[in-house]
>>> print(open('work_22.pdb').read())   # PDB, C-alpha atoms
MODEL        1
ATOM      1  CA  MET A 618       0.000   0.000   0.000
ATOM      2  CA  LEU A 619       1.087   3.539  -0.747
ATOM      3  CA  GLU A 620       3.007   5.269   2.045
ATOM      4  CA  PRO A 621       0.944   7.992   3.739
ATOM      5  CA  LEU A 622       1.755  11.642   3.137
ATOM      6  CA  LYS A 623       1.663  13.679   6.322
ATOM      7  CA  ILE A 624       2.757  17.317   6.480
ATOM      8  CA  GLU A 625       2.522  19.283   9.714
ATOM      9  CA  PRO A 626       0.679  22.614   9.484
ATOM     10  CA  THR A 627       2.498  25.934   9.695
ATOM     11  CA  HIS A 628       1.116  29.441   9.958
ATOM     12  CA  LYS A 629       1.166  29.604   6.163
ATOM     13  CA  THR A 630       0.640  26.046   4.933
ATOM     14  CA  PRO A 631      -2.122  23.578   5.776
ATOM     15  CA  LYS A 632      -2.037  20.282   7.590
ATOM     16  CA  VAL A 633      -1.877  17.494   5.049
ATOM     17  CA  TYR A 634      -2.890  14.034   6.232
ATOM     18  CA  LEU A 635      -3.296  11.465   3.479
ATOM     19  CA  ASP A 636      -3.360   7.929   4.815
ATOM     20  CA  PRO A 637      -5.069   5.199   2.762
ATOM     21  CA  ALA A 638      -4.694   2.573   5.537
ATOM     22  CA  GLU A 639      -6.737   4.726   7.928
ATOM     23  CA  ASN A 640      -8.953   6.008   5.100
ATOM     24  CA  HIS A 641      -8.157   9.458   6.456
ATOM     25  CA  PHE A 642      -7.643  12.180   3.873
ATOM     26  CA  GLU A 643      -7.520  15.738   5.139
ATOM     27  CA  LEU A 644      -6.380  19.233   4.182
ATOM     28  CA  SER A 645      -6.929  21.813   6.921
ATOM     29  CA  GLY A 646      -5.716  25.179   8.211
ATOM     30  CA  ARG A 647      -4.200  28.100   6.320
ATOM     31  CA  SER A 648      -2.886  28.056   2.795
ATOM     32  CA  ILE A 649      -1.093  31.292   1.928
ATOM     33  CA  PRO A 650       2.383  30.195   0.756
ATOM     34  CA  GLU A 651       4.393  32.401  -1.602
ATOM     35  CA  ASP A 652       4.985  29.341  -3.791
ATOM     36  CA  SER A 653       1.694  27.502  -3.760
ATOM     37  CA  VAL A 654       2.521  25.572  -6.938
ATOM     38  CA  GLY A 655       5.622  24.124  -5.249
ATOM     39  CA  PHE A 656       3.696  23.227  -2.106
ATOM     40  CA  TYR A 657       0.818  21.508  -3.891
ATOM     41  CA  GLN A 658       3.025  19.684  -6.400
ATOM     42  CA  ARG A 659       3.921  17.097  -3.771
ATOM     43  CA  ILE A 660       0.265  16.544  -2.848
ATOM     44  CA  LEU A 661      -0.873  16.304  -6.467
ATOM     45  CA  GLY A 662       1.929  13.847  -7.222
ATOM     46  CA  TRP A 663       0.893  11.694  -4.259
ATOM     47  CA  ILE A 664      -2.746  11.693  -5.430
ATOM     48  CA  ASP A 665      -1.620  10.573  -8.899
ATOM     49  CA  GLU A 666       0.047   7.553  -7.304
ATOM     50  CA  TYR A 667      -2.974   6.910  -5.072
ATOM     51  CA  ALA A 668      -5.232   6.979  -8.156
ATOM     52  CA  GLN A 669      -3.400   3.893  -9.478
ATOM     53  CA  SER A 670      -4.876   1.793  -6.664
ATOM     54  CA  PRO A 671      -7.370   3.784  -4.589
ATOM     55  CA  ASN A 672      -9.441   2.558  -1.655
ATOM     56  CA  ALA A 673     -12.879   1.144  -2.466
ATOM     57  CA  LYS A 674     -14.223   4.387  -1.008
ATOM     58  CA  THR A 675     -12.369   7.621  -0.243
ATOM     59  CA  ASP A 676     -13.572  10.220   2.259
ATOM     60  CA  PHE A 677     -11.704  13.490   1.862
ATOM     61  CA  LYS A 678     -12.108  16.330   4.335
ATOM     62  CA  PHE A 679     -11.300  20.001   3.655
ATOM     63  CA  GLU A 680     -11.351  22.326   6.626
ATOM     64  CA  LEU A 681      -9.577  25.503   5.579
ATOM     65  CA  GLU A 682      -9.315  28.707   7.541
ATOM     66  CA  TYR A 683      -7.855  31.010   4.881
ATOM     67  CA  PHE A 684      -6.397  30.506   1.456
ATOM     68  CA  ASN A 685      -5.214  32.767  -1.313
ATOM     69  CA  THR A 686      -6.051  32.743  -4.995
ATOM     70  CA  SER A 687      -3.095  30.695  -6.177
ATOM     71  CA  SER A 688      -3.943  28.057  -3.550
ATOM     72  CA  SER A 689      -7.546  27.994  -4.747
ATOM     73  CA  LYS A 690      -6.388  27.035  -8.238
ATOM     74  CA  ASN A 691      -4.239  24.223  -6.816
ATOM     75  CA  ILE A 692      -7.072  23.003  -4.608
ATOM     76  CA  LEU A 693      -9.240  22.809  -7.737
ATOM     77  CA  GLU A 694      -6.543  20.678  -9.388
ATOM     78  CA  LEU A 695      -6.592  18.365  -6.356
ATOM     79  CA  LEU A 696     -10.391  18.139  -6.505
ATOM     80  CA  LYS A 697     -10.242  17.337 -10.230
ATOM     81  CA  LYS A 698      -7.968  14.382  -9.492
ATOM     82  CA  LEU A 699     -10.435  13.168  -6.850
ATOM     83  CA  GLU A 700     -13.247  13.587  -9.383
ATOM     84  CA  SER A 701     -11.318  11.428 -11.808
ATOM     85  CA  ILE A 702     -10.921   8.648  -9.182
ATOM     86  CA  HIS A 703     -14.651   8.887  -8.493
ATOM     87  CA  ASN A 704     -15.554   8.672 -12.170
ATOM     88  CA  ASP A 705     -13.306   5.629 -12.580
ATOM     89  CA  GLY A 706     -15.619   3.679 -10.265
ATOM     90  CA  HIS A 707     -13.978   4.286  -6.887
ATOM     91  CA  PRO A 708     -16.455   6.496  -4.985
ATOM     92  CA  VAL A 709     -15.081   9.661  -3.424
ATOM     93  CA  ASN A 710     -16.977  11.742  -0.890
ATOM     94  CA  ILE A 711     -15.731  15.221  -0.154
ATOM     95  CA  THR A 712     -16.716  17.239   2.895
ATOM     96  CA  TRP A 713     -16.072  20.954   2.787
ATOM     97  CA  TYR A 714     -16.240  22.536   6.252
ATOM     98  CA  TYR A 715     -16.702  26.258   6.707
ATOM     99  CA  ASP A 716     -17.084  28.534   9.680
ATOM    100  CA  GLU A 717     -20.635  29.830  10.175
ATOM    101  CA  ASP A 718     -19.272  33.391   9.922
ATOM    102  CA  ASP A 719     -17.309  32.735   6.760
ATOM    103  CA  GLU A 720     -19.559  33.370   3.799
ATOM    104  CA  ASP A 721     -16.574  33.415   1.415
ATOM    105  CA  MET A 722     -15.452  29.910   2.366
ATOM    106  CA  GLU A 723     -19.013  28.667   1.853
ATOM    107  CA  GLU A 724     -19.156  30.388  -1.536
ATOM    108  CA  THR A 725     -15.878  28.783  -2.620
ATOM    109  CA  GLY A 726     -17.255  25.372  -1.665
ATOM    110  CA  GLN A 727     -20.318  26.095  -3.787
ATOM    111  CA  ASP A 728     -18.106  27.134  -6.714
ATOM    112  CA  TYR A 729     -16.180  23.866  -6.561
ATOM    113  CA  LYS A 730     -19.417  21.940  -6.279
ATOM    114  CA  ALA A 731     -20.769  23.659  -9.408
ATOM    115  CA  LEU A 732     -17.587  22.939 -11.356
ATOM    116  CA  LEU A 733     -17.102  19.272 -10.500
ATOM    117  CA  ASN A 734     -18.938  16.023 -10.915
ATOM    118  CA  VAL A 735     -18.081  14.499  -7.551
ATOM    119  CA  PRO A 736     -20.121  14.561  -4.316
ATOM    120  CA  ILE A 737     -19.171  17.595  -2.220
ATOM    121  CA  GLU A 738     -21.002  18.076   1.052
ATOM    122  CA  LEU A 739     -20.859  21.559   2.568
ATOM    123  CA  ILE A 740     -20.914  21.472   6.342
ATOM    124  CA  VAL A 741     -21.215  24.562   8.490
ATOM    125  CA  LYS A 742     -19.258  24.672  11.748
ATOM    126  CA  VAL A 743     -21.354  26.314  14.450
ATOM    127  CA  TYR A 744     -19.750  27.719  17.587
TER     128      TYR A 744
ATOM    129  CA  MET B 913      10.595  85.267  39.301
ATOM    130  CA  ASN B 914      10.295  81.813  37.826
ATOM    131  CA  ASP B 915      13.692  80.145  37.765
ATOM    132  CA  THR B 916      12.463  76.930  36.096
ATOM    133  CA  PRO B 917      13.811  76.810  32.596
ATOM    134  CA  ALA B 918      11.194  76.580  29.899
ATOM    135  CA  VAL B 919      10.926  73.104  28.413
ATOM    136  CA  PRO B 920      11.692  73.387  24.728
ATOM    137  CA  HIS B 921       8.875  72.312  22.434
ATOM    138  CA  THR B 922      11.248  70.156  20.465
ATOM    139  CA  SER B 923      14.879  69.168  20.403
ATOM    140  CA  ASP B 924      15.137  69.816  16.714
ATOM    141  CA  GLU B 925      12.177  71.283  14.852
ATOM    142  CA  ARG B 926      13.376  70.111  11.442
ATOM    143  CA  GLN B 927      14.088  66.498  12.384
ATOM    144  CA  LEU B 928      10.762  65.805  14.082
ATOM    145  CA  SER B 929       8.514  67.838  11.863
ATOM    146  CA  PHE B 930       7.015  64.785  10.159
ATOM    147  CA  THR B 931       5.760  62.903  13.248
ATOM    148  CA  TYR B 932       2.770  65.008  14.247
ATOM    149  CA  PRO B 933       1.564  65.713  10.679
ATOM    150  CA  THR B 934       1.711  62.003   9.918
ATOM    151  CA  PHE B 935      -0.161  61.146  13.119
ATOM    152  CA  LYS B 936      -2.743  63.882  12.448
ATOM    153  CA  ASP B 937      -3.227  62.742   8.875
ATOM    154  CA  MET B 938      -3.794  59.167  10.031
ATOM    155  CA  GLN B 939      -6.236  60.320  12.714
ATOM    156  CA  ASP B 940      -8.166  62.508  10.255
ATOM    157  CA  ASN B 941      -8.446  59.619   7.805
ATOM    158  CA  ASN B 942      -9.399  57.093  10.509
ATOM    159  CA  VAL B 943      -6.415  54.906   9.678
ATOM    160  CA  ILE B 944      -6.404  52.001  12.112
ATOM    161  CA  PHE B 945      -3.499  50.024  10.707
ATOM    162  CA  VAL B 946      -0.553  50.846   8.507
ATOM    163  CA  TYR B 947       2.433  48.835   7.307
ATOM    164  CA  LYS B 948       5.208  49.666   4.890
ATOM    165  CA  GLY B 949       7.784  47.071   3.898
ATOM    166  CA  ILE B 950       8.250  43.713   2.256
ATOM    167  CA  VAL B 951       5.219  41.423   2.192
ATOM    168  CA  ASN B 952       5.619  37.694   2.687
ATOM    169  CA  SER B 953       3.513  34.983   4.275
ATOM    170  CA  ASP B 954       5.058  35.565   7.727
ATOM    171  CA  LEU B 955       3.980  39.180   7.559
ATOM    172  CA  VAL B 956       0.450  38.198   6.515
ATOM    173  CA  THR B 957       0.180  36.017   9.622
ATOM    174  CA  HIS B 958       1.355  38.814  11.928
ATOM    175  CA  VAL B 959      -0.962  41.359  10.329
ATOM    176  CA  LEU B 960      -3.952  39.058  10.753
ATOM    177  CA  GLU B 961      -3.127  38.568  14.421
ATOM    178  CA  MET B 962      -2.819  42.294  15.052
ATOM    179  CA  MET B 963      -5.988  43.091  13.127
ATOM    180  CA  SER B 964      -7.832  40.375  14.992
ATOM    181  CA  GLU B 965      -7.107  42.179  18.262
ATOM    182  CA  LYS B 966      -8.134  45.528  16.804
ATOM    183  CA  MET B 967     -11.414  44.175  15.474
ATOM    184  CA  GLU B 968     -12.150  42.612  18.841
ATOM    185  CA  GLU B 969     -11.543  45.976  20.489
ATOM    186  CA  ASP B 970     -14.010  47.443  17.978
ATOM    187  CA  LYS B 971     -16.509  44.706  18.944
ATOM    188  CA  GLN B 972     -17.239  44.105  15.283
ATOM    189  CA  ASP B 973     -19.672  41.563  13.938
ATOM    190  CA  ARG B 974     -17.736  38.279  13.451
ATOM    191  CA  ARG B 975     -18.987  37.957   9.886
ATOM    192  CA  LEU B 976     -17.746  41.434   9.026
ATOM    193  CA  SER B 977     -14.390  40.745  10.726
ATOM    194  CA  LYS B 978     -13.978  37.527   8.763
ATOM    195  CA  LYS B 979     -14.785  39.344   5.536
ATOM    196  CA  VAL B 980     -12.181  42.045   6.308
ATOM    197  CA  PHE B 981      -9.600  39.303   7.003
ATOM    198  CA  ASN B 982     -10.390  37.488   3.767
ATOM    199  CA  VAL B 983      -9.988  40.692   1.776
ATOM    200  CA  MET B 984      -6.723  41.479   3.570
ATOM    201  CA  VAL B 985      -5.333  38.013   2.804
ATOM    202  CA  GLU B 986      -6.161  38.484  -0.850
ATOM    203  CA  CYS B 987      -4.729  42.013  -0.997
ATOM    204  CA  LEU B 988      -1.531  41.073   0.816
ATOM    205  CA  THR B 989      -0.837  37.833  -0.987
ATOM    206  CA  GLY B 990      -1.363  39.770  -4.226
ATOM    207  CA  ALA B 991       1.480  42.014  -3.047
ATOM    208  CA  TYR B 992       4.030  39.238  -2.504
ATOM    209  CA  THR B 993       7.297  40.330  -4.056
ATOM    210  CA  ASP B 994       7.348  39.656  -7.777
ATOM    211  CA  GLU B 995      10.404  37.396  -8.138
ATOM    212  CA  ALA B 996      10.634  38.164 -11.833
ATOM    213  CA  LEU B 997      11.317  41.807 -10.971
ATOM    214  CA  GLU B 998      13.770  41.268  -8.112
ATOM    215  CA  GLY B 999      17.157  42.746  -8.903
ATOM    216  CA  LYS B1000      15.855  44.841 -11.802
ATOM    217  CA  GLU B1001      17.197  48.357 -11.723
ATOM    218  CA  GLY B1002      14.684  50.795 -10.272
ATOM    219  CA  TYR B1003      12.459  48.095  -8.752
ATOM    220  CA  ASP B1004      11.356  48.711  -5.188
ATOM    221  CA  PRO B1005       9.699  45.680  -3.518
ATOM    222  CA  THR B1006       8.211  47.815  -0.729
ATOM    223  CA  THR B1007       4.463  47.552  -0.248
ATOM    224  CA  VAL B1008       2.209  49.834   1.719
ATOM    225  CA  LEU B1009      -0.882  48.464   3.451
ATOM    226  CA  LEU B1010      -3.464  50.740   5.028
ATOM    227  CA  VAL B1011      -6.666  49.808   6.790
ATOM    228  CA  LYS B1012      -9.057  52.588   7.642
ATOM    229  CA  ARG B1013     -12.568  52.741   8.931
ATOM    230  CA  ASP B1014     -15.191  55.330   8.135
ATOM    231  CA  ASP B1015     -18.821  55.533   9.239
ATOM    232  CA  THR B1016     -20.020  52.802   6.923
ATOM    233  CA  ALA B1017     -17.081  50.629   5.936
ATOM    234  CA  TYR B1018     -13.587  49.310   6.387
ATOM    235  CA  VAL B1019     -11.226  50.137   3.556
ATOM    236  CA  VAL B1020      -8.233  47.925   2.826
ATOM    237  CA  ALA B1021      -5.686  49.638   0.586
ATOM    238  CA  THR B1022      -2.441  48.330  -0.856
ATOM    239  CA  GLY B1023       0.155  49.989  -3.033
ATOM    240  CA  TYR B1024       3.210  48.529  -4.724
ATOM    241  CA  TYR B1025       5.361  48.651  -7.846
ATOM    242  CA  ILE B1026       4.343  46.687 -10.896
ATOM    243  CA  HIS B1027       6.045  46.241 -14.242
ATOM    244  CA  ASN B1028       4.653  48.633 -16.840
ATOM    245  CA  PRO B1029       3.669  45.948 -19.396
ATOM    246  CA  LYS B1030       1.106  44.691 -16.841
ATOM    247  CA  VAL B1031      -0.675  48.025 -16.401
ATOM    248  CA  GLN B1032      -3.101  47.836 -19.316
ATOM    249  CA  THR B1033      -3.999  44.203 -18.578
ATOM    250  CA  ILE B1034      -4.761  44.908 -14.913
ATOM    251  CA  LYS B1035      -6.668  48.102 -15.717
ATOM    252  CA  HIS B1036      -8.721  46.300 -18.343
ATOM    253  CA  MET B1037      -9.574  43.535 -15.875
ATOM    254  CA  LEU B1038     -10.492  45.987 -13.087
ATOM    255  CA  ASP B1039     -12.791  47.955 -15.412
ATOM    256  CA  ARG B1040     -14.365  44.750 -16.671
ATOM    257  CA  ILE B1041     -14.991  43.400 -13.152
ATOM    258  CA  ASN B1042     -16.305  46.748 -11.908
ATOM    259  CA  GLY B1043     -18.912  46.619 -14.654
ATOM    260  CA  MET B1044     -20.197  43.173 -13.632
ATOM    261  CA  SER B1045     -23.085  42.129 -11.415
ATOM    262  CA  ILE B1046     -22.485  39.681  -8.539
ATOM    263  CA  GLU B1047     -23.903  36.843 -10.646
ATOM    264  CA  GLU B1048     -21.740  37.736 -13.654
ATOM    265  CA  MET B1049     -18.660  37.799 -11.401
ATOM    266  CA  LYS B1050     -19.506  34.347 -10.092
ATOM    267  CA  GLU B1051     -19.787  32.928 -13.611
ATOM    268  CA  PHE B1052     -16.588  34.648 -14.700
ATOM    269  CA  TYR B1053     -14.702  33.392 -11.623
ATOM    270  CA  GLN B1054     -15.738  29.827 -12.381
ATOM    271  CA  GLU B1055     -14.660  30.257 -15.997
ATOM    272  CA  VAL B1056     -11.222  31.678 -15.120
ATOM    273  CA  ILE B1057     -10.398  29.184 -12.353
ATOM    274  CA  SER B1058     -11.296  26.320 -14.700
ATOM    275  CA  ARG B1059      -8.860  27.367 -17.414
ATOM    276  CA  GLU B1060      -6.269  24.665 -17.958
ATOM    277  CA  ASP B1061      -3.541  27.231 -18.394
ATOM    278  CA  PRO B1062      -4.233  30.398 -16.418
ATOM    279  CA  GLY B1063      -1.515  32.182 -18.451
ATOM    280  CA  ALA B1064       0.730  34.996 -17.359
ATOM    281  CA  THR B1065      -2.096  37.099 -15.963
ATOM    282  CA  GLY B1066      -4.343  34.237 -14.858
ATOM    283  CA  PHE B1067      -3.671  34.494 -11.153
ATOM    284  CA  THR B1068      -3.976  38.269 -11.264
ATOM    285  CA  ASP B1069      -7.319  37.970 -13.037
ATOM    286  CA  LEU B1070      -8.513  35.442 -10.500
ATOM    287  CA  ALA B1071      -7.332  37.537  -7.558
ATOM    288  CA  ILE B1072      -9.144  40.631  -8.837
ATOM    289  CA  ILE B1073     -12.412  38.765  -9.383
ATOM    290  CA  ASP B1074     -12.091  37.122  -5.979
ATOM    291  CA  LEU B1075     -11.488  40.445  -4.281
ATOM    292  CA  ALA B1076     -14.464  42.089  -5.971
ATOM    293  CA  ARG B1077     -16.730  39.169  -5.080
ATOM    294  CA  LYS B1078     -15.694  39.287  -1.447
ATOM    295  CA  SER B1079     -16.017  43.041  -1.133
ATOM    296  CA  LYS B1080     -19.230  43.421  -3.180
ATOM    297  CA  HIS B1081     -18.154  47.018  -3.831
ATOM    298  CA  LYS B1082     -16.430  48.451  -6.856
ATOM    299  CA  LEU B1083     -12.654  48.304  -6.563
ATOM    300  CA  GLN B1084     -10.964  51.710  -6.591
ATOM    301  CA  TYR B1085      -7.578  51.933  -8.237
ATOM    302  CA  GLN B1086      -4.836  54.252  -9.402
ATOM    303  CA  PHE B1087      -1.743  53.763 -11.533
ATOM    304  CA  LYS B1088       1.026  56.263 -10.881
ATOM    305  CA  TYR B1089       3.749  56.284 -13.510
ATOM    306  CA  ILE B1090       7.184  56.068 -11.887
ATOM    307  CA  SER B1091       9.590  55.303 -14.732
ATOM    308  CA  PRO B1092       9.668  53.673 -18.183
ATOM    309  CA  GLU B1093       9.872  50.335 -16.312
ATOM    310  CA  PHE B1094       7.585  50.700 -13.295
ATOM    311  CA  THR B1095       4.243  52.012 -12.118
ATOM    312  CA  PHE B1096       2.944  52.318  -8.560
ATOM    313  CA  PHE B1097      -0.352  50.434  -8.375
ATOM    314  CA  SER B1098      -2.834  51.425  -5.635
ATOM    315  CA  LEU B1099      -5.916  49.329  -4.978
ATOM    316  CA  GLU B1100      -8.716  49.942  -2.474
ATOM    317  CA  SER B1101     -11.426  47.506  -1.387
ATOM    318  CA  ARG B1102     -14.383  48.489   0.763
ATOM    319  CA  ILE B1103     -16.002  46.071   3.193
ATOM    320  CA  SER B1104     -19.308  47.059   4.761
ATOM    321  CA  GLN B1105     -22.553  45.500   5.937
ATOM    322  CA  GLN B1106     -23.482  45.548   2.239
ATOM    323  CA  SER B1107     -20.640  43.058   1.671
ATOM    324  CA  LEU B1108     -22.375  40.477   3.861
TER     325      LEU B1108
ENDMDL
END
>>> encode(input="work_22.pdb", output="structure tokens")
Amino acid sequence: MLEPLKIEPTHKTPKVYLDPAENHFELSGRSIPEDSVGFYQRILGWIDEYAQSPNAKTDFKFELEYFNTSSSKNILELLKKLESIHNDGHPVNITWYYDEDDEDMEETGQDYKALLNVPIELIVKVY
Amino acid sequence: MNDTPAVPHTSDERQLSFTYPTFKDMQDNNVIFVYKGIVNSDLVTHVLEMMSEKMEEDKQDRRLSKKVFNVMVECLTGAYTDEALEGKEGYDPTTVLLVKRDDTAYVVATGYYIHNPKVQTIKHMLDRINGMSIEEMKEFYQEVISREDPGATGFTDLAIIDLARKSKHKLQYQFKYISPEFTFFSLESRISQQSL
């Protein structure tokens, strides 16, 4: 089985936790790196390998606090790869968490949902 | 007879003559935060922390605070130093960030050098976005983010649309010609209850 990819969060990059054995796939925190392409390259490469032999079902959680425009483009690329796994007959469920006060994060989730053919559930976090 | 020597108003009138006018100008314009220097992701984090405290002091609506933060993130990350310009003669990577508050809105303003060949493209995009409805912006955002190759201006286009969608106000801008190579680009976003 593919080795998990785990990256600790920093104040500018998100927590990455991709572990097929635990069926735990998560991207959470802040994503405002200067070089977002460089940061996401590693994640996208890992997903390409995972797509060769994915779990029967993949549950992927996004719980982002802030992200900038260049990250949003890379997150879309990641979602497209998940969509491709889903369309190849290996169901993928995506949960997109947003803070109840964060209308922009909700709107971004809706944009991704409109653009992709993969289940995306928007879940509001209430405090 | 008073033998106490008079305290001089200032040690050196010429050297300190900028402090009070600058303070007064900031007070008159309700400036609540100002930064001038290089912008990187560490700075963005610090600015958000400081602004968070200020907004709490202001007892602002959490939704409005979040919206101001989101706009600031977009404005500041748009001002990350352009690596392609680093080292070019006449290029100054300094950015200015101002946040002010008037009776109805917060205003987030940034200013920084850009390369002259980008001016017309950015101006065209700003004018185009300012002429769009919220629904048109949404459709355009989805179109631009879906492009396989965003191109040289793709991220700038996306950032401008994103900013306008978040603010829900027209973006104010100015291009000040500096030299045959560079222009100082100022951009202002308003965030008010209307943005929610």
>>> resolve_selection(input="work_22.pdb", expression="the PyMOL selection byres ((chain A) within 8 of (chain B))", output="mmCIF file with C-alpha atoms, in the coordinates of the input")
data_model
loop_
_atom_site.group_PDB
_atom_site.id
_atom_site.type_symbol
_atom_site.label_atom_id
_atom_site.label_comp_id
_atom_site.auth_asym_id
_atom_site.auth_seq_id
_atom_site.Cartn_x
_atom_site.Cartn_y
_atom_site.Cartn_z
ATOM 1 C CA HIS A 628 1.116 29.441 9.958
ATOM 2 C CA LYS A 629 1.166 29.604 6.163
ATOM 3 C CA ILE A 649 -1.093 31.292 1.928
ATOM 4 C CA PRO A 650 2.383 30.195 0.756
ATOM 5 C CA GLU A 651 4.393 32.401 -1.602
ATOM 6 C CA TYR A 683 -7.855 31.010 4.881
ATOM 7 C CA PHE A 684 -6.397 30.506 1.456
ATOM 8 C CA ASN A 685 -5.214 32.767 -1.313
ATOM 9 C CA THR A 686 -6.051 32.743 -4.995
ATOM 10 C CA SER A 687 -3.095 30.695 -6.177
ATOM 11 C CA LYS A 690 -6.388 27.035 -8.238
ATOM 12 C CA LEU A 693 -9.240 22.809 -7.737
ATOM 13 C CA ASP A 718 -19.272 33.391 9.922
ATOM 14 C CA ASP A 719 -17.309 32.735 6.760
ATOM 15 C CA GLU A 720 -19.559 33.370 3.799
ATOM 16 C CA ASP A 721 -16.574 33.415 1.415
ATOM 17 C CA ASP A 728 -18.106 27.134 -6.714
ATOM 18 C CA LEU A 732 -17.587 22.939 -11.356
#
>>> residues_near_point(input="work_22.pdb", point="(-3.1, 50.3, -2.7)", cutoff="8 Å", atoms="all atoms listed in the file", output="list in words")
Val1008, Leu1009, Leu1010, Val1020, Ala1021, Thr1022, Gly1023, Tyr1024, Tyr1085, Gln1086, Phe1097, Ser1098, Leu1099 and Glu1100 of chain B
>>> write_last_selection(input="work_22.pdb", atoms="C-alpha atoms", output="tab-separated table (two decimals), keeping the file's coordinate frame")
chain	number	residue	atom	x	y	z
B	1008	VAL	CA	2.21	49.83	1.72
B	1009	LEU	CA	-0.88	48.46	3.45
B	1010	LEU	CA	-3.46	50.74	5.03
B	1020	VAL	CA	-8.23	47.92	2.83
B	1021	ALA	CA	-5.69	49.64	0.59
B	1022	THR	CA	-2.44	48.33	-0.86
B	1023	GLY	CA	0.16	49.99	-3.03
B	1024	TYR	CA	3.21	48.53	-4.72
B	1085	TYR	CA	-7.58	51.93	-8.24
B	1086	GLN	CA	-4.84	54.25	-9.40
B	1097	PHE	CA	-0.35	50.43	-8.38
B	1098	SER	CA	-2.83	51.42	-5.64
B	1099	LEU	CA	-5.92	49.33	-4.98
B	1100	GLU	CA	-8.72	49.94	-2.47
>>> residues_near_point(input="work_22.pdb", point="(-16.3, 20.0, -4.4)", cutoff="10 Å", atoms="all atoms listed in the file", output="count of residues only")
26
>>> atom_distance(input="work_22.pdb", atom1="CA of Ile702 in chain A", atom2="CA of Asn672 in chain A")
9.8 Å
>>> closest_residue(input="work_22.pdb", among="A:His707, A:Tyr634, A:Glu639, A:Val741", to="Pro671 in chain A", atoms="only C-alpha atoms")
A:His707
>>> atom_distance(input="work_22.pdb", atom1="CA of Glu680 in chain A", atom2="CA of Pro708 in chain A")
20.3 Å
>>> resolve_selection(input="work_22.pdb", expression="the PyMOL selection byres ((chain B and resi 1081) around 8)", output="list in words")
Ala1076, Ser1079, Lys1080, Lys1082, Leu1083, Ser1101, Arg1102, Ile1103 and Ser1107 of chain B
>>> closest_residue(input="work_22.pdb", among="B:Gln1106, B:Tyr947, B:Pro1092, B:Ile1026", to="Met962 in chain B", atoms="only C-alpha atoms")
B:Tyr947
>>> atom_distance(input="work_22.pdb", atom1="CA of Phe1087 in chain B", atom2="CA of Phe945 in chain B")
22.6 Å
>>> residues_around(input="work_22.pdb", residues="range 1027-1042 of chain B", least_positions_apart="6", cutoff="6 Å", atoms="all atoms listed in the file", output="VMD selection string")
chain B and resid 1082 1093 to 1095
>>> write_last_selection(input="work_22.pdb", atoms="C-alpha atoms", output="PDB file, in the coordinates of the input")
ATOM      1  CA  LYS B1082     -16.430  48.451  -6.856  1.00  0.00           C
ATOM      2  CA  GLU B1093       9.872  50.335 -16.312  1.00  0.00           C
ATOM      3  CA  PHE B1094       7.585  50.700 -13.295  1.00  0.00           C
ATOM      4  CA  THR B1095       4.243  52.012 -12.118  1.00  0.00           C
TER       5      THR B1095
END
>>> closest_residue(input="work_22.pdb", among="A:Pro631, A:Gly655, A:Gly662, A:Gly706", to="Glu682 in chain A", atoms="all atoms listed in the file")
A:Pro631
